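Trainee: work_34.txt (compact mmCIF, C-alpha atoms) pasted underneath:
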# COMPACT_ATOMS: atom_id res chain seq x y z
CA MET A 1 -15.64 8.11 8.55
CA SER A 2 -19.04 9.19 7.19
CA LEU A 3 -19.61 12.33 5.16
CA ASP A 4 -21.71 13.67 8.04
CA ILE A 5 -18.63 13.59 10.26
CA ALA A 6 -16.52 15.02 7.45
CA LYS A 7 -18.79 18.06 7.27
CA GLY A 8 -17.46 19.31 10.60
CA ILE A 9 -13.89 19.06 9.33
CA LEU A 10 -14.02 20.17 5.69
CA HIS A 11 -14.66 23.84 6.34
CA ARG A 12 -11.12 24.14 7.72
CA CYS A 13 -9.69 23.79 4.20
CA PHE A 14 -9.57 27.20 2.50
CA ARG A 15 -7.66 25.94 -0.56
CA CYS A 16 -4.28 27.54 0.12
CA GLY A 17 -2.71 25.25 -2.48
CA TYR A 18 0.10 23.80 -0.38
CA CYS A 19 -1.27 20.30 -1.07
CA LYS A 20 -0.45 20.70 -4.77
CA PHE A 21 3.24 21.56 -4.61
CA THR A 22 6.40 20.64 -2.72
CA PHE A 23 7.54 22.91 0.09
CA ASP A 24 9.92 24.81 -2.18
CA PHE A 25 7.32 25.02 -5.00
CA THR A 26 9.79 23.45 -7.44
CA ASP A 27 7.67 20.39 -8.23
CA PHE A 28 4.17 18.97 -7.98
CA ASN A 29 3.18 17.32 -4.74
CA CYS A 30 -0.18 15.86 -5.84
CA PRO A 31 -0.01 13.17 -8.56
CA ALA A 32 -3.54 13.92 -9.76
CA TYR A 33 -2.91 17.65 -10.09
CA LYS A 34 0.34 16.95 -11.91
CA LYS A 35 -1.56 14.78 -14.38
CA TYR A 36 -4.73 16.80 -14.97
CA ARG A 37 -3.59 20.38 -14.13
CA PHE A 38 -7.10 21.33 -13.04
CA GLU A 39 -8.02 22.56 -9.59
CA SER A 40 -10.79 20.01 -9.06
CA TYR A 41 -8.26 17.18 -9.24
CA SER A 42 -6.04 18.61 -6.51
CA SER A 43 -6.58 17.51 -2.92
CA GLY A 44 -8.00 20.88 -1.94
CA GLY A 45 -10.22 20.89 -5.00
CA LYS A 46 -11.62 17.49 -4.09
CA MET A 47 -12.33 18.76 -0.58
CA TRP A 48 -14.32 21.63 -2.04
CA LEU A 49 -16.30 19.29 -4.31
CA ILE A 50 -17.09 17.03 -1.35
CA TRP A 51 -18.22 20.07 0.62
CA GLY A 52 -20.60 20.81 -2.23
CA LEU A 53 -21.94 17.26 -2.11
CA ILE A 54 -22.52 17.39 1.63
CA ASN A 55 -24.40 20.68 1.37
CA ASN A 56 -26.48 19.50 -1.61
CA GLU A 57 -24.95 22.12 -3.88
CA LEU A 58 -23.66 19.33 -6.14
CA LYS A 59 -25.00 15.93 -7.09
CA MET A 60 -22.97 12.80 -7.58
CA SER A 61 -22.30 12.10 -11.25
CA GLU A 62 -20.00 9.96 -13.40
CA ASN A 63 -17.65 12.89 -13.93
CA LEU A 64 -17.54 13.77 -10.24
CA ALA A 65 -16.94 10.13 -9.32
CA LYS A 66 -14.08 9.98 -11.85
CA ILE A 67 -12.45 12.97 -10.14
CA LEU A 68 -12.81 11.33 -6.73
CA TYR A 69 -11.26 8.12 -8.05
CA SER A 70 -8.42 9.99 -9.78
CA CYS A 71 -6.34 9.87 -6.63
CA THR A 72 -3.84 7.31 -5.42
CA THR A 73 -4.67 8.29 -1.81
CA CYS A 74 -0.91 8.47 -1.36
CA GLY A 75 -1.21 11.03 1.43
CA ASN A 76 1.47 13.36 0.13
CA CYS A 77 -1.00 16.22 0.47
CA VAL A 78 -1.15 15.48 4.20
CA GLU A 79 2.56 16.17 4.58
CA ASN A 80 2.20 19.67 3.12
CA CYS A 81 -1.11 20.64 4.72
CA LYS A 82 -0.62 23.37 7.30
CA PHE A 83 -3.71 22.68 9.40
CA GLU A 84 -3.31 20.18 12.21
CA LYS A 85 -6.42 18.24 13.25
CA PHE A 86 -7.59 18.50 9.64
CA ASN A 87 -4.81 17.00 7.61
CA ASP A 88 -5.10 13.65 9.43
CA PHE A 89 -8.47 13.16 7.75
CA TRP A 90 -7.65 13.88 4.09
CA VAL A 91 -7.55 10.26 2.96
CA ASP A 92 -10.48 9.25 5.18
CA ILE A 93 -12.64 11.95 3.61
CA ILE A 94 -11.73 10.89 0.06
CA GLU A 95 -12.57 7.28 0.90
CA ALA A 96 -15.86 8.30 2.51
CA ALA A 97 -16.82 10.21 -0.64
CA ARG A 98 -15.96 7.18 -2.75
CA ALA A 99 -18.18 5.03 -0.53
CA GLU A 100 -21.00 7.48 -1.20
CA ALA A 101 -20.30 7.32 -4.94
CA PHE A 102 -20.48 3.54 -4.82
CA LYS A 103 -23.67 3.66 -2.79
CA GLN A 104 -25.27 5.85 -5.45
CA GLY A 105 -24.16 3.55 -8.29
CA PHE A 106 -21.22 5.57 -9.59
CA GLY A 107 -18.37 3.20 -8.72
CA LEU A 108 -16.14 2.33 -11.67
CA GLU A 109 -17.19 -0.91 -13.37
CA LYS A 110 -13.81 -2.57 -12.81
CA PHE A 111 -14.12 -1.91 -9.11
CA LYS A 112 -17.59 -3.44 -8.98
CA THR A 113 -16.27 -6.59 -10.63
CA PHE A 114 -13.46 -7.23 -8.18
CA GLY A 115 -15.71 -6.29 -5.27
CA GLU A 116 -18.28 -8.91 -6.28
CA HIS A 117 -15.54 -11.50 -6.73
CA THR A 118 -13.99 -10.70 -3.35
CA ALA A 119 -17.37 -11.23 -1.69
CA LYS A 120 -17.48 -14.70 -3.27
CA GLU A 121 -13.84 -15.87 -3.49
CA HIS A 122 -12.10 -13.50 -1.04
CA ASN A 123 -9.64 -11.97 -3.49
CA PRO A 124 -9.90 -9.19 -6.10
CA TYR A 125 -7.96 -11.06 -8.82
CA LEU A 126 -10.84 -13.22 -10.09
CA GLU A 127 -9.02 -16.31 -8.79
CA SER A 128 -10.37 -19.31 -6.89
CA HIS A 129 -10.01 -19.15 -3.11
CA GLN A 130 -9.00 -22.80 -2.97
CA ASN A 131 -5.80 -21.91 -4.87
CA ARG A 132 -4.68 -19.32 -2.34
CA LEU A 133 -1.69 -21.34 -1.11
CA ASP A 134 -0.63 -22.78 -4.46
CA TRP A 135 2.51 -20.62 -4.27
CA LEU A 136 3.81 -22.43 -1.17
CA PRO A 137 7.05 -24.41 -1.81
CA GLY A 138 6.90 -28.01 -0.65
CA ASP A 139 10.16 -27.84 1.32
CA VAL A 140 9.16 -24.93 3.55
CA LYS A 141 8.66 -25.81 7.22
CA MET A 142 5.81 -24.38 9.28
CA SER A 143 4.55 -24.95 12.81
CA ASP A 144 0.93 -25.39 13.83
CA SER A 145 1.86 -24.36 17.37
CA ALA A 146 3.60 -21.08 16.46
CA ASN A 147 1.98 -17.91 17.77
CA ILE A 148 3.28 -15.90 14.80
CA ALA A 149 1.24 -15.88 11.58
CA TYR A 150 2.26 -14.76 8.12
CA TYR A 151 -0.64 -12.92 6.50
CA VAL A 152 0.29 -13.30 2.83
CA GLY A 153 -2.35 -11.11 1.17
CA CYS A 154 -3.89 -11.46 -2.27
CA THR A 155 -1.18 -9.89 -4.43
CA ALA A 156 1.61 -12.11 -3.11
CA SER A 157 -0.70 -15.15 -3.15
CA TYR A 158 -1.92 -14.82 -6.73
CA ARG A 159 0.39 -12.45 -8.63
CA GLN A 160 3.74 -11.64 -6.98
CA LYS A 161 4.23 -15.20 -5.72
CA LYS A 162 8.01 -14.98 -5.47
CA ILE A 163 7.66 -12.40 -2.69
CA ALA A 164 5.63 -14.88 -0.64
CA GLN A 165 8.03 -17.73 -1.43
CA ASP A 166 11.09 -15.69 -0.51
CA THR A 167 9.44 -14.49 2.70
CA VAL A 168 8.89 -18.00 4.05
CA ARG A 169 12.37 -19.10 2.96
CA ILE A 170 13.90 -16.20 4.90
CA LEU A 171 11.98 -17.19 8.02
CA ASN A 172 13.15 -20.79 7.69
CA ARG A 173 16.76 -19.68 7.27
CA ILE A 174 16.77 -17.56 10.43
CA GLY A 175 14.71 -20.01 12.47
CA ILE A 176 11.47 -18.11 13.05
CA GLU A 177 8.51 -20.46 13.44
CA PHE A 178 5.25 -19.31 11.88
CA GLN A 179 1.80 -20.41 10.77
CA LEU A 180 -0.03 -19.99 7.48
CA SER A 181 -3.75 -20.38 6.97
CA PRO A 182 -5.48 -21.35 3.71
CA GLU A 183 -8.53 -19.61 5.15
CA GLU A 184 -7.12 -16.08 5.21
CA TRP A 185 -9.32 -13.71 3.21
CA CYS A 186 -8.53 -10.46 1.43
CA CYS A 187 -7.49 -7.84 3.96
CA GLY A 188 -10.07 -5.50 2.42
CA SER A 189 -7.69 -2.75 1.34
CA PRO A 190 -8.76 -2.63 -2.35
CA LEU A 191 -12.37 -2.49 -1.20
CA ILE A 192 -11.83 0.26 1.36
CA ARG A 193 -9.87 2.38 -1.12
CA THR A 194 -12.62 2.11 -3.76
CA GLY A 195 -15.62 2.61 -1.47
CA GLN A 196 -16.88 -0.95 -1.01
CA THR A 197 -16.82 -0.89 2.77
CA ASP A 198 -19.53 -3.45 3.49
CA ILE A 199 -17.60 -6.22 1.73
CA ALA A 200 -14.36 -5.02 3.33
CA LEU A 201 -15.88 -5.27 6.81
CA GLU A 202 -16.93 -8.87 6.16
CA GLN A 203 -13.39 -9.77 5.12
CA ALA A 204 -11.90 -7.99 8.12
CA GLN A 205 -14.19 -9.66 10.67
CA HIS A 206 -13.30 -13.07 9.26
CA ASN A 207 -9.56 -12.45 9.45
CA VAL A 208 -9.64 -11.14 13.01
CA MET A 209 -11.64 -14.17 14.17
CA LEU A 210 -9.28 -16.49 12.26
CA PHE A 211 -6.24 -15.18 14.13
CA LYS A 212 -8.06 -15.14 17.45
CA ASN A 213 -9.19 -18.75 17.17
CA ALA A 214 -5.64 -19.83 16.26
CA GLY A 215 -4.18 -18.14 19.35
CA ILE A 216 -2.00 -15.84 17.25
CA LYS A 217 -0.07 -13.15 19.11
CA THR A 218 1.78 -11.57 16.17
CA VAL A 219 0.63 -11.16 12.58
CA PHE A 220 3.15 -9.96 10.03
CA THR A 221 2.75 -9.04 6.37
CA SER A 222 5.08 -8.59 3.42
CA CYS A 223 2.60 -6.17 1.82
CA ALA A 224 2.43 -2.49 2.76
CA GLY A 225 -1.28 -2.31 1.90
CA CYS A 226 -2.16 -5.29 4.07
CA TYR A 227 -0.05 -3.86 6.89
CA ARG A 228 -1.80 -0.50 6.87
CA THR A 229 -5.23 -2.16 6.63
CA LEU A 230 -4.73 -4.63 9.48
CA LYS A 231 -2.89 -2.21 11.75
CA GLU A 232 -4.76 1.03 11.08
CA ASP A 233 -8.11 0.35 9.38
CA TYR A 234 -9.31 -2.65 11.35
CA PRO A 235 -9.31 -0.90 14.74
CA ARG A 236 -9.98 2.65 13.49
CA LYS A 237 -12.45 2.27 10.62
CA PHE A 238 -14.16 -0.95 11.68
CA GLU A 239 -13.66 -0.68 15.45
CA LEU A 240 -12.38 -4.25 15.61
CA GLU A 241 -10.44 -5.24 18.71
CA LEU A 242 -7.11 -6.83 17.81
CA ASP A 243 -5.77 -9.47 20.18
CA PHE A 244 -2.53 -9.58 18.24
CA GLU A 245 0.35 -7.33 17.27
CA VAL A 246 0.65 -6.32 13.59
CA LEU A 247 4.12 -6.05 12.08
CA HIS A 248 5.55 -5.56 8.65
CA LEU A 249 8.14 -8.18 7.71
CA THR A 250 10.89 -5.58 7.92
CA GLU A 251 10.01 -4.87 11.56
CA LEU A 252 10.16 -8.59 12.34
CA LEU A 253 13.50 -8.92 10.58
CA GLU A 254 14.92 -5.87 12.35
CA ARG A 255 14.08 -7.51 15.67
CA ASN A 256 16.11 -10.52 14.51
CA ILE A 257 18.77 -8.64 12.57
CA GLU A 258 21.64 -10.45 14.27
CA LYS A 259 20.43 -13.64 12.54
CA LEU A 260 20.81 -12.16 9.04
CA GLU A 261 24.04 -13.58 7.67
CA PHE A 262 25.17 -12.96 4.12
CA ALA A 263 27.06 -15.14 1.68
CA LYS A 264 27.35 -12.67 -1.20
CA LEU A 265 28.44 -9.04 -1.42
CA LEU A 266 26.02 -6.48 -2.81
CA ASN A 267 28.54 -4.23 -4.45
CA LYS A 268 26.01 -2.02 -6.22
CA THR A 269 24.31 1.34 -5.79
CA VAL A 270 20.90 0.76 -4.23
CA THR A 271 18.04 3.11 -3.41
CA TYR A 272 14.82 2.48 -1.50
CA HIS A 273 11.27 3.48 -2.37
CA ASP A 274 8.94 4.13 0.59
CA PRO A 275 5.50 2.61 -0.13
CA CYS A 276 2.79 5.10 0.78
CA HIS A 277 0.92 2.65 3.01
CA LEU A 278 4.09 1.79 4.91
CA GLY A 279 5.59 5.27 5.11
CA ARG A 280 3.16 8.19 5.14
CA HIS A 281 0.18 6.08 6.25
CA ALA A 282 1.91 4.11 9.02
CA ASN A 283 5.10 6.10 9.71
CA LEU A 284 7.36 3.10 9.12
CA TYR A 285 10.53 4.35 7.46
CA ASP A 286 13.54 3.04 9.33
CA SER A 287 13.23 -0.76 9.43
CA PRO A 288 13.71 -1.35 5.68
CA ARG A 289 16.73 0.98 5.65
CA VAL A 290 18.29 -0.71 8.68
CA ILE A 291 18.07 -4.06 6.88
CA LEU A 292 19.39 -2.72 3.58
CA LYS A 293 22.41 -1.18 5.25
CA LYS A 294 23.21 -4.61 6.71
CA PHE A 295 24.13 -5.89 3.21
CA PRO A 296 27.93 -6.13 2.81
CA GLU A 297 29.50 -3.55 0.50
CA ILE A 298 26.20 -1.93 -0.37
CA ASN A 299 26.29 1.66 -1.64
CA PHE A 300 22.97 2.93 -0.32
CA VAL A 301 21.72 6.28 -1.66
CA GLU A 302 18.52 8.21 -1.06
CA MET A 303 16.45 9.69 -3.86
CA LYS A 304 15.75 13.41 -3.66
CA LYS A 305 12.17 12.64 -2.60
CA ASN A 306 12.36 10.14 0.22
CA ARG A 307 10.61 9.12 3.43
CA GLU A 308 7.50 11.30 4.03
CA ASN A 309 8.09 13.19 0.77
CA SER A 310 8.49 10.11 -1.44
CA THR A 311 6.84 10.09 -4.84
CA CYS A 312 3.98 7.59 -5.03
CA CYS A 313 4.53 4.50 -7.21
CA GLY A 314 1.15 5.14 -8.82
CA ALA A 315 -0.55 1.83 -8.06
CA GLY A 316 -2.58 2.70 -4.95
CA GLY A 317 -6.11 3.87 -4.35
CA GLY A 318 -7.51 1.77 -7.19
CA VAL A 319 -5.51 3.70 -9.81
CA LYS A 320 -3.63 0.64 -11.09
CA SER A 321 -6.96 -0.96 -11.93
CA GLY A 322 -8.98 2.09 -12.93
CA PHE A 323 -6.34 4.25 -14.67
CA SER A 324 -3.61 1.82 -15.70
CA ASP A 325 -1.79 4.13 -18.15
CA TRP A 326 -1.56 6.88 -15.56
CA ALA A 327 -0.30 4.37 -12.98
CA LEU A 328 2.56 3.48 -15.32
CA GLU A 329 3.40 7.15 -15.90
CA GLN A 330 3.76 7.68 -12.16
CA ALA A 331 5.95 4.61 -11.79
CA ARG A 332 8.10 5.82 -14.70
CA ASP A 333 8.67 9.15 -12.94
CA ARG A 334 9.77 7.36 -9.78
CA LEU A 335 12.19 5.14 -11.72
CA LEU A 336 13.70 8.21 -13.33
CA GLU A 337 14.18 9.72 -9.87
CA ALA A 338 16.16 6.60 -8.97
CA LYS A 339 18.24 6.98 -12.11
CA GLU A 340 19.04 10.58 -11.16
CA VAL A 341 21.03 9.32 -8.16
CA ASN A 342 22.72 6.65 -10.31
CA ALA A 343 20.96 3.77 -8.60
CA GLU A 344 21.44 0.39 -10.21
CA ILE A 345 18.79 -1.27 -8.04
CA LEU A 346 15.46 0.08 -6.77
CA VAL A 347 14.12 -1.78 -3.73
CA SER A 348 10.66 -1.60 -2.24
CA THR A 349 8.66 -3.53 0.36
CA CYS A 350 5.25 -3.74 -1.28
CA PRO A 351 4.02 -6.17 -3.97
CA PHE A 352 1.91 -3.40 -5.56
CA CYS A 353 4.91 -1.08 -5.89
CA ASN A 354 7.05 -3.92 -7.16
CA ARG A 355 4.54 -4.90 -9.88
CA ASN A 356 3.97 -1.34 -11.07
CA PHE A 357 7.69 -0.58 -11.21
CA ILE A 358 8.38 -3.72 -13.24
CA ASP A 359 5.55 -2.86 -15.62
CA ALA A 360 6.89 0.69 -16.08
CA LYS A 361 10.46 -0.53 -16.53
CA ASN A 362 9.29 -2.79 -19.37
CA GLU A 363 6.87 -0.27 -20.88
CA PHE A 364 9.38 2.59 -21.02
CA ASN A 365 12.58 0.52 -21.38
CA ILE A 366 14.27 1.95 -18.29
CA ASP A 367 17.59 0.38 -17.36
CA ILE A 368 17.31 -0.34 -13.65
CA ASP A 369 16.82 -3.54 -11.64
CA ILE A 370 13.67 -3.82 -9.49
CA PHE A 371 13.64 -5.94 -6.34
CA ASP A 372 11.40 -6.50 -3.39
CA LEU A 373 13.59 -6.58 -0.30
CA THR A 374 12.69 -10.24 0.27
CA GLU A 375 14.09 -11.18 -3.16
CA LEU A 376 17.34 -9.35 -2.48
CA LEU A 377 17.71 -11.05 0.90
CA VAL A 378 17.18 -14.58 -0.41
CA GLU A 379 19.71 -13.97 -3.16
CA HIS A 380 22.44 -12.79 -0.78
CA MET A 381 21.81 -14.58 2.53
CA LYS A 382 23.56 -17.75 3.63
Output the structure of this file as structure tokens.
Mentor:
Amino acid sequence: MSLDIAKGILHRCFRCGYCKFTFDFTDFNCPAYKKYRFESYSSGGKMWLIWGLINNELKMSENLAKILYSCTTCGNCVENCKFEKFNDFWVDIIEAARAEAFKQGFGLEKFKTFGEHTAKEHNPYLESHQNRLDWLPGDVKMSDSANIAYYVGCTASYRQKKIAQDTVRILNRIGIEFQLSPEEWCCGSPLIRTGQTDIALEQAQHNVMLFKNAGIKTVFTSCAGCYRTLKEDYPRKFELELDFEVLHLTELLERNIEKLEFAKLLNKTVTYHDPCHLGRHANLYDSPRVILKKFPEINFVEMKKNRENSTCCGAGGGVKSGFSDWALEQARDRLLEAKEVNAEILVSTCPFCNRNFIDAKNEFNIDIDIFDLTELLVEHMK
């Protein structure tokens, strides 16, 4: 979306304030407003600032760009917005404004660095592209003729490697043949969220052609951010035609749930965190819960804020990179929500969420175990 298109939508927001608070007005709904307690940082406030930019009543500045970037783009505001045909565009408008900030030279320096590196090495972690599959265990079996591809993503390839390793081990255990490609590039999500759309488009075009040339019919991810980007952003933002189905790993496993056999009981109280890109952004809530409830003897509980009303982990929208202390504060709050329901284990299905929760657990000394669903499966499956 361009800001020119946004202009025809923005006037529908008259700053009622519902985006800032939960439905019962007992808690904050917007992470940025909760942190800064100033109207400009709320979703409605940002819309008003962007309206000022479009109408040349304001000029882009470092302070204005900071406000635009002080948002996890979690989409919780969308759930509370009362205006249909407007609330679908909240996140798109924020991202369009960030693209304009970047175009005018006001992107945060950290974002510029990982954008430049992604253009060169196809990942935002300042790693070498040739090391992308270094995580792959030597005993894992793959098939060059499979029409299913595992899109690993940058975080699982370079940082949360155990999630990638456990994912392929699960597939081997249940007999699903798949391909991997050392030539996958960054999905583009970190670039889209921070306004670097030209580089993101280059990455996206490469990935789509890669899958097409390999004859892939189904692409699955173990990362919520990659899932949302491939499934939603590629066709909608970049108008790329997908010749393949996009699934999250949990959807693939749900389709094969009869093959999940367990050797160990999970006799603990477990709760699930909905990643924003999987839940609110893509409306995928049930598959992870169906799989969790398959564990023998599990005591599954929901946190007070769950599904479309889940609290953001704090890592999205560039916040983990640009505002790391605030990202940890948000993760801490979510861990405390899990503790309120006496959960012993917090499970998620996103490497970003997993990393931020572990960092917050260590930073604030919170007694709770953090697992990606893949890790929990490998530990308990036959």
Trainee: Pick out the closest residue to A:Phe21 from this set: A:Ser157, A:Ser287, A:Asn309, A:Ser70. Count all atoms listed in the file.
Mentor: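 Checking each of A:Ser157, A:Ser287, A:Asn309, A:Ser70 against A:Phe21, counting all atoms listed in the file, the winner is A:Asn309.
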Trainee: Identify which of the residues A:Lys120, A:Val168, A:Glu340, A:Thr72 lies closest to A:Lys320, counting only C-alpha atoms when measuring atom-to-atom distances.
Mentor: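 Ranking A:Lys120, A:Val168, A:Glu340, A:Thr72 by distance to A:Lys320, first place goes to A:Thr72.
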Trainee: Neighbouring residues of A:Glu329 were defined as those with any atom within 12 Å, considering only C-alpha atoms; residues of the same chain fewer than 2 positions away were excluded. Please report them as a list of chain:residue names.
Mentor: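 That gives A:Pro31, A:Ala32, A:Lys34, A:Lys35, A:Thr311, A:Cys312, A:Cys313, A:Gly314, A:Ala315, A:Val319, A:Lys320, A:Phe323, A:Ser324, A:Asp325, A:Trp326, A:Ala327, A:Ala331, A:Arg332, A:Asp333, A:Arg334, A:Leu335, A:Leu336, A:Asn356, A:Phe357, A:Asp359, A:Ala360, A:Lys361, A:Glu363, A:Phe364.
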Trainee: Could you give me, as a list of chain:residue names, the residues that sit within 6 Å of (24.1, 0.7, -11.7) in the file's coordinates, counting only C-alpha atoms?
Mentor: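 Selection result: A:Thr269, A:Ala343, A:Glu344.
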Trainee: I want to know what sits within 10 Å of A:Leu180, based on all atoms listed in the file, with residues of the same chain fewer than 6 positions away left out; could you give that as a JSON list (two decimals) with C-alpha atoms, keeping the file's coordinate frame?
Mentor:
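Output (result-v7.json):
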[["chain", "number", "residue", "atom", "x", "y", "z"],
["A", 133, "LEU", "CA", -1.69, -21.34, -1.11],
["A", 136, "LEU", "CA", 3.81, -22.43, -1.17],
["A", 142, "MET", "CA", 5.81, -24.38, 9.28],
["A", 143, "SER", "CA", 4.55, -24.95, 12.81],
["A", 144, "ASP", "CA", 0.93, -25.39, 13.83],
["A", 146, "ALA", "CA", 3.60, -21.08, 16.46],
["A", 148, "ILE", "CA", 3.28, -15.90, 14.80],
["A", 149, "ALA", "CA", 1.24, -15.88, 11.58],
["A", 150, "TYR", "CA", 2.26, -14.76, 8.12],
["A", 151, "TYR", "CA", -0.64, -12.92, 6.50],
["A", 152, "VAL", "CA", 0.29, -13.30, 2.83],
["A", 168, "VAL", "CA", 8.89, -18.00, 4.05]]
Trainee: Restricting the calculation to only C-alpha atoms: of A:Asp198, A:Glu39, A:Glu337, A:Glu241, which residue gets closest to A:Lys212?
Mentor: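 Once distances to A:Lys212 are computed over only C-alpha atoms, the minimum belongs to A:Glu241.
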Trainee: Using all atoms listed in the file for the distances, tell me which of A:Phe83, A:Tyr227, A:Phe114, A:Trp135 is nearest to A:Ile199.
Mentor: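 Result for the nearest residue to A:Ile199: A:Phe114.
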Trainee: So which residues fall inside 12 Å of (2.9, -0.9, 7.2) if we count all atoms listed in the file? Mind giving them as a VMD selection string?
Mentor: chain A and resid 219 to 233 246 to 252 274 to 288 349 to 350
Trainee: With C-alpha atoms retained, export the selected residues as a PDB file, in the coordinates of the input.
Mentor:
ATOM      1  CA  VAL A 219       0.630 -11.160  12.580  1.00  0.00           C
ATOM      2  CA  PHE A 220       3.150  -9.960  10.030  1.00  0.00           C
ATOM      3  CA  THR A 221       2.750  -9.040   6.370  1.00  0.00           C
ATOM      4  CA  SER A 222       5.080  -8.590   3.420  1.00  0.00           C
ATOM      5  CA  CYS A 223       2.600  -6.170   1.820  1.00  0.00           C
ATOM      6  CA  ALA A 224       2.430  -2.490   2.760  1.00  0.00           C
ATOM      7  CA  GLY A 225      -1.280  -2.310   1.900  1.00  0.00           C
ATOM      8  CA  CYS A 226      -2.160  -5.290   4.070  1.00  0.00           C
ATOM      9  CA  TYR A 227      -0.050  -3.860   6.890  1.00  0.00           C
ATOM     10  CA  ARG A 228      -1.800  -0.500   6.870  1.00  0.00           C
ATOM     11  CA  THR A 229      -5.230  -2.160   6.630  1.00  0.00           C
ATOM     12  CA  LEU A 230      -4.730  -4.630   9.480  1.00  0.00           C
ATOM     13  CA  LYS A 231      -2.890  -2.210  11.750  1.00  0.00           C
ATOM     14  CA  GLU A 232      -4.760   1.030  11.080  1.00  0.00           C
ATOM     15  CA  ASP A 233      -8.110   0.350   9.380  1.00  0.00           C
ATOM     16  CA  VAL A 246       0.650  -6.320  13.590  1.00  0.00           C
ATOM     17  CA  LEU A 247       4.120  -6.050  12.080  1.00  0.00           C
ATOM     18  CA  HIS A 248       5.550  -5.560   8.650  1.00  0.00           C
ATOM     19  CA  LEU A 249       8.140  -8.180   7.710  1.00  0.00           C
ATOM     20  CA  THR A 250      10.890  -5.580   7.920  1.00  0.00           C
ATOM     21  CA  GLU A 251      10.010  -4.870  11.560  1.00  0.00           C
ATOM     22  CA  LEU A 252      10.160  -8.590  12.340  1.00  0.00           C
ATOM     23  CA  ASP A 274       8.940   4.130   0.590  1.00  0.00           C
ATOM     24  CA  PRO A 275       5.500   2.610  -0.130  1.00  0.00           C
ATOM     25  CA  CYS A 276       2.790   5.100   0.780  1.00  0.00           C
ATOM     26  CA  HIS A 277       0.920   2.650   3.010  1.00  0.00           C
ATOM     27  CA  LEU A 278       4.090   1.790   4.910  1.00  0.00           C
ATOM     28  CA  GLY A 279       5.590   5.270   5.110  1.00  0.00           C
ATOM     29  CA  ARG A 280       3.160   8.190   5.140  1.00  0.00           C
ATOM     30  CA  HIS A 281       0.180   6.080   6.250  1.00  0.00           C
ATOM     31  CA  ALA A 282       1.910   4.110   9.020  1.00  0.00           C
ATOM     32  CA  ASN A 283       5.100   6.100   9.710  1.00  0.00           C
ATOM     33  CA  LEU A 284       7.360   3.100   9.120  1.00  0.00           C
ATOM     34  CA  TYR A 285      10.530   4.350   7.460  1.00  0.00           C
ATOM     35  CA  ASP A 286      13.540   3.040   9.330  1.00  0.00           C
ATOM     36  CA  SER A 287      13.230  -0.760   9.430  1.00  0.00           C
ATOM     37  CA  PRO A 288      13.710  -1.350   5.680  1.00  0.00           C
ATOM     38  CA  THR A 349       8.660  -3.530   0.360  1.00  0.00           C
ATOM     39  CA  CYS A 350       5.250  -3.740  -1.280  1.00  0.00           C
TER      40      CYS A 350
END
Trainee: Just give me the gap between atom CA of A:Glu57 and atom CA of A:Tyr41 in Å, one decimal is fine.
Mentor: 18.2 Å
Trainee: Distance atom CA of A:Gly316-atom CA of A:Thr155, one decimal place?
Mentor: 12.7 Å
